[in-house]
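Participant: The structure file my_file.pdb (PDB, C-alpha atoms) is provided below.
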ATOM      1  CA  MET A   1     -14.190   7.764  48.171
ATOM      2  CA  PRO A   2     -15.688   9.688  45.271
ATOM      3  CA  LYS A   3     -19.045   8.721  43.821
ATOM      4  CA  VAL A   4     -19.691   8.172  40.118
ATOM      5  CA  SER A   5     -23.065   8.036  38.401
ATOM      6  CA  MET A   6     -23.815   7.055  34.821
ATOM      7  CA  VAL A   7     -26.370   5.221  32.739
ATOM      8  CA  VAL A   8     -25.293   1.669  31.888
ATOM      9  CA  ASN A   9     -27.395  -0.373  29.491
ATOM     10  CA  GLY A  10     -30.308   1.987  30.030
ATOM     11  CA  LYS A  11     -30.213   1.904  33.843
ATOM     12  CA  LYS A  12     -28.951   4.689  36.075
ATOM     13  CA  VAL A  13     -26.151   3.348  38.274
ATOM     14  CA  SER A  14     -23.799   4.844  40.805
ATOM     15  CA  GLY A  15     -21.066   3.727  43.125
ATOM     16  CA  ASP A  16     -18.425   4.886  45.545
ATOM     17  CA  ILE A  17     -15.123   4.063  43.900
ATOM     18  CA  ASP A  18     -11.427   4.675  44.209
ATOM     19  CA  SER A  19     -10.393   7.571  41.990
ATOM     20  CA  ARG A  20      -8.073   5.204  40.065
ATOM     21  CA  THR A  21     -10.857   2.788  39.078
ATOM     22  CA  LEU A  22     -10.966   2.119  35.358
ATOM     23  CA  LEU A  23     -14.311   1.844  33.594
ATOM     24  CA  VAL A  24     -13.703  -1.855  32.899
ATOM     25  CA  GLN A  25     -13.158  -2.443  36.622
ATOM     26  CA  PHE A  26     -16.305  -0.516  37.536
ATOM     27  CA  LEU A  27     -18.359  -2.529  35.043
ATOM     28  CA  ARG A  28     -16.971  -5.916  36.026
ATOM     29  CA  GLU A  29     -16.341  -5.550  39.754
ATOM     30  CA  GLU A  30     -18.985  -3.074  40.910
ATOM     31  CA  LEU A  31     -21.814  -3.768  38.454
ATOM     32  CA  ARG A  32     -20.980  -7.455  37.810
ATOM     33  CA  LEU A  33     -21.253  -6.962  34.028
ATOM     34  CA  THR A  34     -18.589  -9.492  33.144
ATOM     35  CA  GLY A  35     -19.179  -9.591  29.390
ATOM     36  CA  THR A  36     -16.637  -6.791  29.024
ATOM     37  CA  HIS A  37     -13.320  -8.634  29.207
ATOM     38  CA  VAL A  38      -9.838  -7.627  30.307
ATOM     39  CA  GLY A  39      -7.401  -9.201  27.903
ATOM     40  CA  CYS A  40      -4.113  -7.345  27.947
ATOM     41  CA  ASP A  41      -4.132  -4.509  30.497
ATOM     42  CA  THR A  42      -2.386  -2.349  27.879
ATOM     43  CA  SER A  43      -5.316  -1.257  25.628
ATOM     44  CA  GLN A  44      -4.024  -3.264  22.677
ATOM     45  CA  CYS A  45      -6.414  -6.224  22.420
ATOM     46  CA  GLY A  46      -9.870  -4.589  22.281
ATOM     47  CA  CYS A  47     -11.589  -7.194  24.488
ATOM     48  CA  CYS A  48     -12.865  -4.368  26.691
ATOM     49  CA  VAL A  49     -14.633  -2.284  24.018
ATOM     50  CA  VAL A  50     -17.904  -0.684  25.110
ATOM     51  CA  HIS A  51     -19.918   2.226  23.726
ATOM     52  CA  VAL A  52     -19.759   5.528  25.575
ATOM     53  CA  ASN A  53     -22.159   8.210  24.416
ATOM     54  CA  GLY A  54     -22.573   6.350  21.129
ATOM     55  CA  SER A  55     -18.920   5.710  20.254
ATOM     56  CA  SER A  56     -16.701   2.726  20.910
ATOM     57  CA  LEU A  57     -14.090   3.064  23.618
ATOM     58  CA  LYS A  58     -11.610   0.684  25.207
ATOM     59  CA  SER A  59     -12.872   0.649  28.766
ATOM     60  CA  CYS A  60      -9.416  -0.151  30.140
ATOM     61  CA  THR A  61      -8.169   3.262  28.970
ATOM     62  CA  VAL A  62     -10.525   5.563  30.858
ATOM     63  CA  LEU A  63     -11.175   6.308  34.503
ATOM     64  CA  ALA A  64     -14.745   5.644  35.548
ATOM     65  CA  LEU A  65     -14.915   9.029  37.306
ATOM     66  CA  SER A  66     -14.277  10.818  34.013
ATOM     67  CA  LEU A  67     -17.551   9.395  32.695
ATOM     68  CA  GLU A  68     -19.839  11.056  35.204
ATOM     69  CA  GLY A  69     -23.279  11.246  33.580
ATOM     70  CA  ALA A  70     -22.211   9.258  30.504
ATOM     71  CA  ASN A  71     -24.349   6.737  28.664
ATOM     72  CA  VAL A  72     -22.514   3.392  28.529
ATOM     73  CA  VAL A  73     -23.594   0.305  26.596
ATOM     74  CA  THR A  74     -21.886  -3.036  27.171
ATOM     75  CA  ILE A  75     -22.293  -6.312  25.300
ATOM     76  CA  GLU A  76     -25.050  -7.182  27.791
ATOM     77  CA  GLY A  77     -26.997  -4.124  26.658
ATOM     78  CA  LEU A  78     -27.083  -4.913  22.929
ATOM     79  CA  ALA A  79     -29.782  -7.580  23.009
ATOM     80  CA  GLN A  80     -33.280  -6.162  23.396
ATOM     81  CA  ASP A  81     -36.357  -7.932  24.735
ATOM     82  CA  GLY A  82     -34.596 -11.291  24.663
ATOM     83  CA  LYS A  83     -33.630 -10.902  20.997
ATOM     84  CA  LEU A  84     -30.001 -10.746  19.947
ATOM     85  CA  HIS A  85     -28.724  -7.609  18.235
ATOM     86  CA  PRO A  86     -28.249  -8.220  14.473
ATOM     87  CA  MET A  87     -24.455  -8.183  14.911
ATOM     88  CA  GLN A  88     -24.633 -10.725  17.733
ATOM     89  CA  GLU A  89     -26.852 -12.907  15.558
ATOM     90  CA  ALA A  90     -24.439 -12.583  12.629
ATOM     91  CA  PHE A  91     -21.509 -13.696  14.800
ATOM     92  CA  ARG A  92     -23.532 -16.720  15.908
ATOM     93  CA  GLU A  93     -24.684 -17.615  12.401
ATOM     94  CA  ASN A  94     -21.254 -17.151  10.785
ATOM     95  CA  HIS A  95     -19.274 -18.746  13.609
ATOM     96  CA  GLY A  96     -17.349 -15.509  14.133
ATOM     97  CA  LEU A  97     -15.738 -16.867  17.286
ATOM     98  CA  GLN A  98     -13.792 -19.760  18.655
ATOM     99  CA  CYS A  99     -12.979 -19.444  22.334
ATOM    100  CA  GLY A 100     -15.227 -16.365  22.548
ATOM    101  CA  PHE A 101     -12.960 -14.260  24.743
ATOM    102  CA  CYS A 102     -12.509 -11.459  22.193
ATOM    103  CA  THR A 103     -16.059 -11.711  20.866
ATOM    104  CA  PRO A 104     -17.755  -9.067  23.067
ATOM    105  CA  GLY A 105     -15.143  -6.464  22.107
ATOM    106  CA  MET A 106     -15.269  -7.499  18.444
ATOM    107  CA  ILE A 107     -19.058  -7.167  18.372
ATOM    108  CA  MET A 108     -19.035  -3.788  20.104
ATOM    109  CA  ALA A 109     -16.328  -2.519  17.727
ATOM    110  CA  ALA A 110     -18.271  -3.911  14.754
ATOM    111  CA  VAL A 111     -21.511  -2.151  15.745
ATOM    112  CA  ASP A 112     -19.617   1.135  16.047
ATOM    113  CA  MET A 113     -17.934   0.455  12.700
ATOM    114  CA  VAL A 114     -21.288   0.003  10.962
ATOM    115  CA  ASN A 115     -22.714   3.085  12.655
ATOM    116  CA  ARG A 116     -19.796   5.126  11.322
ATOM    117  CA  LYS A 117     -19.212   3.503   7.919
ATOM    118  CA  GLY A 118     -22.616   2.144   6.936
ATOM    119  CA  PRO A 119     -23.587  -1.373   5.892
ATOM    120  CA  ASP A 120     -21.641  -1.618   2.633
ATOM    121  CA  MET A 121     -18.039  -2.200   3.724
ATOM    122  CA  ASP A 122     -15.580  -4.299   1.791
ATOM    123  CA  GLU A 123     -13.283  -6.839   3.418
ATOM    124  CA  ALA A 124     -10.285  -4.476   3.398
ATOM    125  CA  THR A 125     -12.243  -1.797   5.269
ATOM    126  CA  ILE A 126     -13.495  -4.260   7.871
ATOM    127  CA  ARG A 127     -10.003  -5.650   8.430
ATOM    128  CA  HIS A 128      -8.545  -2.147   8.721
ATOM    129  CA  GLU A 129     -11.225  -1.111  11.221
ATOM    130  CA  LEU A 130     -10.471  -4.216  13.326
ATOM    131  CA  GLU A 131      -6.811  -3.298  13.819
ATOM    132  CA  GLY A 132      -7.461  -2.422  17.472
ATOM    133  CA  ASN A 133      -9.017  -5.823  18.227
ATOM    134  CA  ILE A 134      -6.988  -8.994  18.546
ATOM    135  CA  CYS A 135      -8.223 -12.570  18.243
ATOM    136  CA  ARG A 136      -5.670 -15.194  19.120
ATOM    137  CA  CYS A 137      -7.743 -18.165  17.905
ATOM    138  CA  THR A 138      -8.931 -17.386  14.387
ATOM    139  CA  GLY A 139      -7.586 -16.163  11.094
ATOM    140  CA  TYR A 140     -10.317 -13.470  11.204
ATOM    141  CA  HIS A 141     -12.053 -14.930   8.130
ATOM    142  CA  ASN A 142     -15.306 -15.757   9.930
ATOM    143  CA  ILE A 143     -15.136 -12.578  12.010
ATOM    144  CA  VAL A 144     -14.941 -10.475   8.837
ATOM    145  CA  LYS A 145     -17.748 -12.531   7.291
ATOM    146  CA  ALA A 146     -19.876 -12.056  10.419
ATOM    147  CA  ILE A 147     -19.309  -8.297  10.452
ATOM    148  CA  ALA A 148     -20.231  -7.979   6.771
ATOM    149  CA  ASP A 149     -23.399 -10.005   7.392
ATOM    150  CA  GLY A 150     -24.233  -8.108  10.581
ATOM    151  CA  ALA A 151     -23.693  -4.803   8.782
ATOM    152  CA  GLN A 152     -26.244  -5.765   6.147
ATOM    153  CA  LYS A 153     -28.693  -6.870   8.835
ATOM    154  CA  MET A 154     -28.216  -3.578  10.700
ATOM    155  CA  GLY A 155     -28.604  -1.662   7.445
ATOM    156  CA  VAL A 156     -27.892   1.760   8.911
ATOM    157  CA  ALA A 157     -26.559   4.824   7.171
ATOM    158  CA  PRO A 158     -23.289   6.187   8.558
ATOM    159  CA  GLN A 159     -23.852   8.659  11.408
ATOM    160  CA  ALA A 160     -21.926  11.422   9.645
ATOM    161  CA  ALA A 161     -24.077  11.140   6.510
ATOM    162  CA  ALA A 162     -27.287  10.894   8.533
ATOM    163  CA  ALA A 163     -26.409  14.073  10.439
ATOM    164  CA  GLU A 164     -25.963  16.160   7.271
TER
END
Written as structure tokens, that's how I'd like the structure from this file.

Facilitator:
Amino acid sequence: MPKVSMVVNGKKVSGDIDSRTLLVQFLREELRLTGTHVGCDTSQCGCCVVHVNGSSLKSCTVLALSLEGANVVTIEGLAQDGKLHPMQEAFRENHGLQCGFCTPGMIMAAVDMVNRKGPDMDEATIRHELEGNICRCTGYHNIVKAIADGAQKMGVAPQAAAAE
């Protein structure tokens, strides 16, 4: 079996895996990081979103072997020193969840959204950016509210503007 090595949530990890192993399977089954969910097996729901080299990616769409040497952040890696990430805190404060199954993917997508778009997004932009994430419980109202609040708490300039 081939071996894959990458950095996950700041720790170097490796494993011998089948060449067909998806990143979501590697995270959940090999590393026991079960916060990344499998919701649809068709890359439509967004429950499996993680950050790879700083950008969001549906982890059910990529083979783990193709990420040799990559830097991966899962929902478990957002909180630092026992303190929730501002987006996680905003979801908690604004009740941006019901059953919670989609929440890890929503939060990871939202952090990427803020990193790309900046903190001042209107509701239409947030809703458009969430098109790849499905919640079957809510009407998205509190999710949108949580993302807007989390964006303000993150307060970051878009990556493209910061790079110029």

Participant: Can you work out the spacing between CA of Asp18 (chain A) and CA of Leu57 (chain A) in Å, to one decimal?

Facilitator: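 If I compute the distance from CA of Asp18 (chain A) to CA of Leu57 (chain A), I get 20.8 Å.
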
Participant: Return as a PyMOL selection string the set of residues that the PyMOL selection byres ((chain A and resi 121) around 12) yields on the displayed structure.

Facilitator: chain A and resi 110+113-120+122-129+144-145+147-152+155-158

Participant: Counting all atoms listed in the file, I want the residues whose atoms come within 9 Å of (-10.4, 7.7, 39.4) in the file frame, returned as a VMD selection string.

Facilitator: chain A and resid 2 17 to 22 62 to 66

Participant: When the PyMOL selection byres ((chain A and resi 73-90) around 9) is applied to the file above, which residues end up in the set, as a PyMOL selection string?

Facilitator: chain A and resi 7-10+27+33-36+49-54+71-72+91-96+104-105+107-108+110-111+145-154

Participant: For those residues, write C-alpha atoms to a file as a compact mmCIF listing (two decimals), keeping the file's coordinate frame.

Facilitator:
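What landed in result30.txt:
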# COMPACT_ATOMS: atom_id res chain seq x y z
CA VAL A 7 -26.37 5.22 32.74
CA VAL A 8 -25.29 1.67 31.89
CA ASN A 9 -27.40 -0.37 29.49
CA GLY A 10 -30.31 1.99 30.03
CA LEU A 27 -18.36 -2.53 35.04
CA LEU A 33 -21.25 -6.96 34.03
CA THR A 34 -18.59 -9.49 33.14
CA GLY A 35 -19.18 -9.59 29.39
CA THR A 36 -16.64 -6.79 29.02
CA VAL A 49 -14.63 -2.28 24.02
CA VAL A 50 -17.90 -0.68 25.11
CA HIS A 51 -19.92 2.23 23.73
CA VAL A 52 -19.76 5.53 25.58
CA ASN A 53 -22.16 8.21 24.42
CA GLY A 54 -22.57 6.35 21.13
CA ASN A 71 -24.35 6.74 28.66
CA VAL A 72 -22.51 3.39 28.53
CA PHE A 91 -21.51 -13.70 14.80
CA ARG A 92 -23.53 -16.72 15.91
CA GLU A 93 -24.68 -17.61 12.40
CA ASN A 94 -21.25 -17.15 10.78
CA HIS A 95 -19.27 -18.75 13.61
CA GLY A 96 -17.35 -15.51 14.13
CA PRO A 104 -17.76 -9.07 23.07
CA GLY A 105 -15.14 -6.46 22.11
CA ILE A 107 -19.06 -7.17 18.37
CA MET A 108 -19.04 -3.79 20.10
CA ALA A 110 -18.27 -3.91 14.75
CA VAL A 111 -21.51 -2.15 15.74
CA LYS A 145 -17.75 -12.53 7.29
CA ALA A 146 -19.88 -12.06 10.42
CA ILE A 147 -19.31 -8.30 10.45
CA ALA A 148 -20.23 -7.98 6.77
CA ASP A 149 -23.40 -10.01 7.39
CA GLY A 150 -24.23 -8.11 10.58
CA ALA A 151 -23.69 -4.80 8.78
CA GLN A 152 -26.24 -5.76 6.15
CA LYS A 153 -28.69 -6.87 8.84
CA MET A 154 -28.22 -3.58 10.70

Participant: Just give me the gap between CA of Ser59 (chain A) and CA of Leu23 (chain A) in Å, one decimal is fine.

Facilitator: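 Distance reported for this atom pair: 5.2 Å.
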
Participant: Applied to the shown file, which residues does the PyMOL selection byres ((chain A and resi 69) around 6) return, written as a list in words?

Facilitator: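 Output from the PyMOL selection byres ((chain A and resi 69) around 6), applied to this file: Ser5, Met6, Glu68 and Ala70 of chain A.
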
Participant: Include C-alpha atoms and write out the residues we just selected as a PDB file, in the frame of the given file.

Facilitator:
ATOM      1  CA  SER A   5     -23.065   8.036  38.401  1.00  0.00           C
ATOM      2  CA  MET A   6     -23.815   7.055  34.821  1.00  0.00           C
ATOM      3  CA  GLU A  68     -19.839  11.056  35.204  1.00  0.00           C
ATOM      4  CA  ALA A  70     -22.211   9.258  30.504  1.00  0.00           C
TER       5      ALA A  70
END

Participant: Using all atoms listed in the file, can you tell me which of A:Phe101, A:His37, A:Gly139, A:Glu30 comes closest to Val13 (chain A)?

Facilitator: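 Among the listed residues, A:Glu30 lies closest to Val13 (chain A).
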